[in-house]
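K.L.:
My questions all concern the structure below.
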Amino acid sequence: MTTTTKGTAKVTLPEDTQILVTREFNAPKALVWRAYTTPELVKRWWAGDRGDVVSAEIDLRVGGAWRYVMIGGGGFEVAFRGEYHEISAPDRLVNTEIFEGLPDPDDHPSLVTVTLSEQDGRTHMRMLCEYRSQADRDAVVESGMEGGLQESLDHLEEVACTLDM
């Protein structure tokens with residue numbers, strides 16, 4: 001059984017409008033990429049321990065859209081969506097991210113750049129989230145996102161470790 005690196009995502013705030021997440025996975029980047037970009041696999045990790053993913057739509061092409069929906073433990077729906085701007089499999093993915101639960105959600109997109117690199121069969125992820133304002137960034141930080149993110153990334157690693165090359 002592969003040893004996972006549970007709870008090791010590091011969240012920093014490099015600039016007033018940014019959140020930077022770094023994490024290492026005990027899996028090759030091709031498998032992390034596949035788990036990160038395949039709808040049926042996203043359903044297994046994206047909600048962490050906070051609910052069940054009921055929809056994961058991915059049109060993985062520049063200009064293509066994505067949308068994930070989960071039902072939280074209290075029965076409430078949480079949905080995010082966005083558009084792909086850059087795809088360089090299995091190294092880099094750039095997309096917008098919009099939380100549909102906000103008033104005027106299209107006024108509060110973030111730009112997410114995920115970069116994967118591999119050394120000795122382990123993947124290093126760098127996820128830079130850029131917001132339009134410090135207020136938007138701070139609202140995300142104050143939402144408790146870090147706990148959910150840790151859970152999601154733990155499950156992402158578990159899913160990637162179950163895949164075959």
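A note on labels: chains of the structure tokens are A, B, ... as shown, every chain counts residues from 1, and ligands are counted from 1 in their shown order.
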Env of range 118-129 of chain A: 7 Å cut, atoms = only C-alpha atoms, seq-sep filter 4 positions within chain, self excluded. Answer as a PyMOL selection string.

P.N.:
chain A and resi 18-29+110-114

K.L.:
Using DSSP on the backbone, list every residue of range 24-130 of chain A that comes out as strand (DSSP E), and give them as a count of residues only.

P.N.:
57

K.L.:
Would you mind writing down, as a PyMOL selection string, each residue of chain A that DSSP on the backbone assigns to helix (DSSP H, G or I)?

P.N.:
chain A and resi 29-37+39-45+105-107+134-142+145-162

K.L.:
Do you know which residues are at most 12 Å from Gly147 in chain A counting only C-alpha atoms, after dropping those on the same chain fewer than 4 positions away, and could you put them as an MDAnalysis selection string?

P.N.:
chainID A and resid 7:11 47:50 140:143 151:154

K.L.:
Out of A:Ser133, A:Arg61, A:Pro14, A:Met70, which residue has the shortest atom-to-atom distance to Leu93 in chain A when counting only C-alpha atoms?

P.N.:
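The closest residue to Leu93 in chain A is A:Arg61.
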
K.L.:
Which one of A:Val42, A:Ala30, A:Val69, A:Leu149 sits closest to Ser55 in chain A if you count only C-alpha atoms?

P.N.:
A:Val69

K.L.:
So which residues touch Ile71 in chain A within 10 Å, counting only C-alpha atoms, skipping near sequence neighbours fewer than 3 positions away, as a PDB file with C-alpha atoms, in the first residue's frame?

P.N.:
ATOM      1  CA  ALA A  47     -15.917  17.189  -1.782  1.00  0.00           C
ATOM      2  CA  ARG A  50     -17.900  17.441   3.495  1.00  0.00           C
ATOM      3  CA  GLY A  51     -20.489  15.887   1.205  1.00  0.00           C
ATOM      4  CA  ASP A  52     -21.058  14.001  -2.011  1.00  0.00           C
ATOM      5  CA  VAL A  53     -20.256  15.218  -5.510  1.00  0.00           C
ATOM      6  CA  VAL A  54     -23.407  14.816  -7.589  1.00  0.00           C
ATOM      7  CA  SER A  55     -22.049  16.365 -10.782  1.00  0.00           C
ATOM      8  CA  GLY A  74     -26.527  19.451   5.864  1.00  0.00           C
ATOM      9  CA  GLY A  75     -28.264  18.845   2.545  1.00  0.00           C
ATOM     10  CA  PHE A  76     -27.242  22.143   0.945  1.00  0.00           C
ATOM     11  CA  GLU A  77     -25.862  22.441  -2.579  1.00  0.00           C
ATOM     12  CA  VAL A  78     -22.422  23.898  -3.284  1.00  0.00           C
ATOM     13  CA  ALA A  79     -21.427  24.582  -6.893  1.00  0.00           C
TER      14      ALA A  79
END

K.L.:
Please, what distance in Å, to one decimal, runs between CA of Tyr68 in chain A and CA of Gly144 in chain A?

P.N.:
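Going from CA of Tyr68 in chain A over to CA of Gly144 in chain A, I get 18.7 Å.
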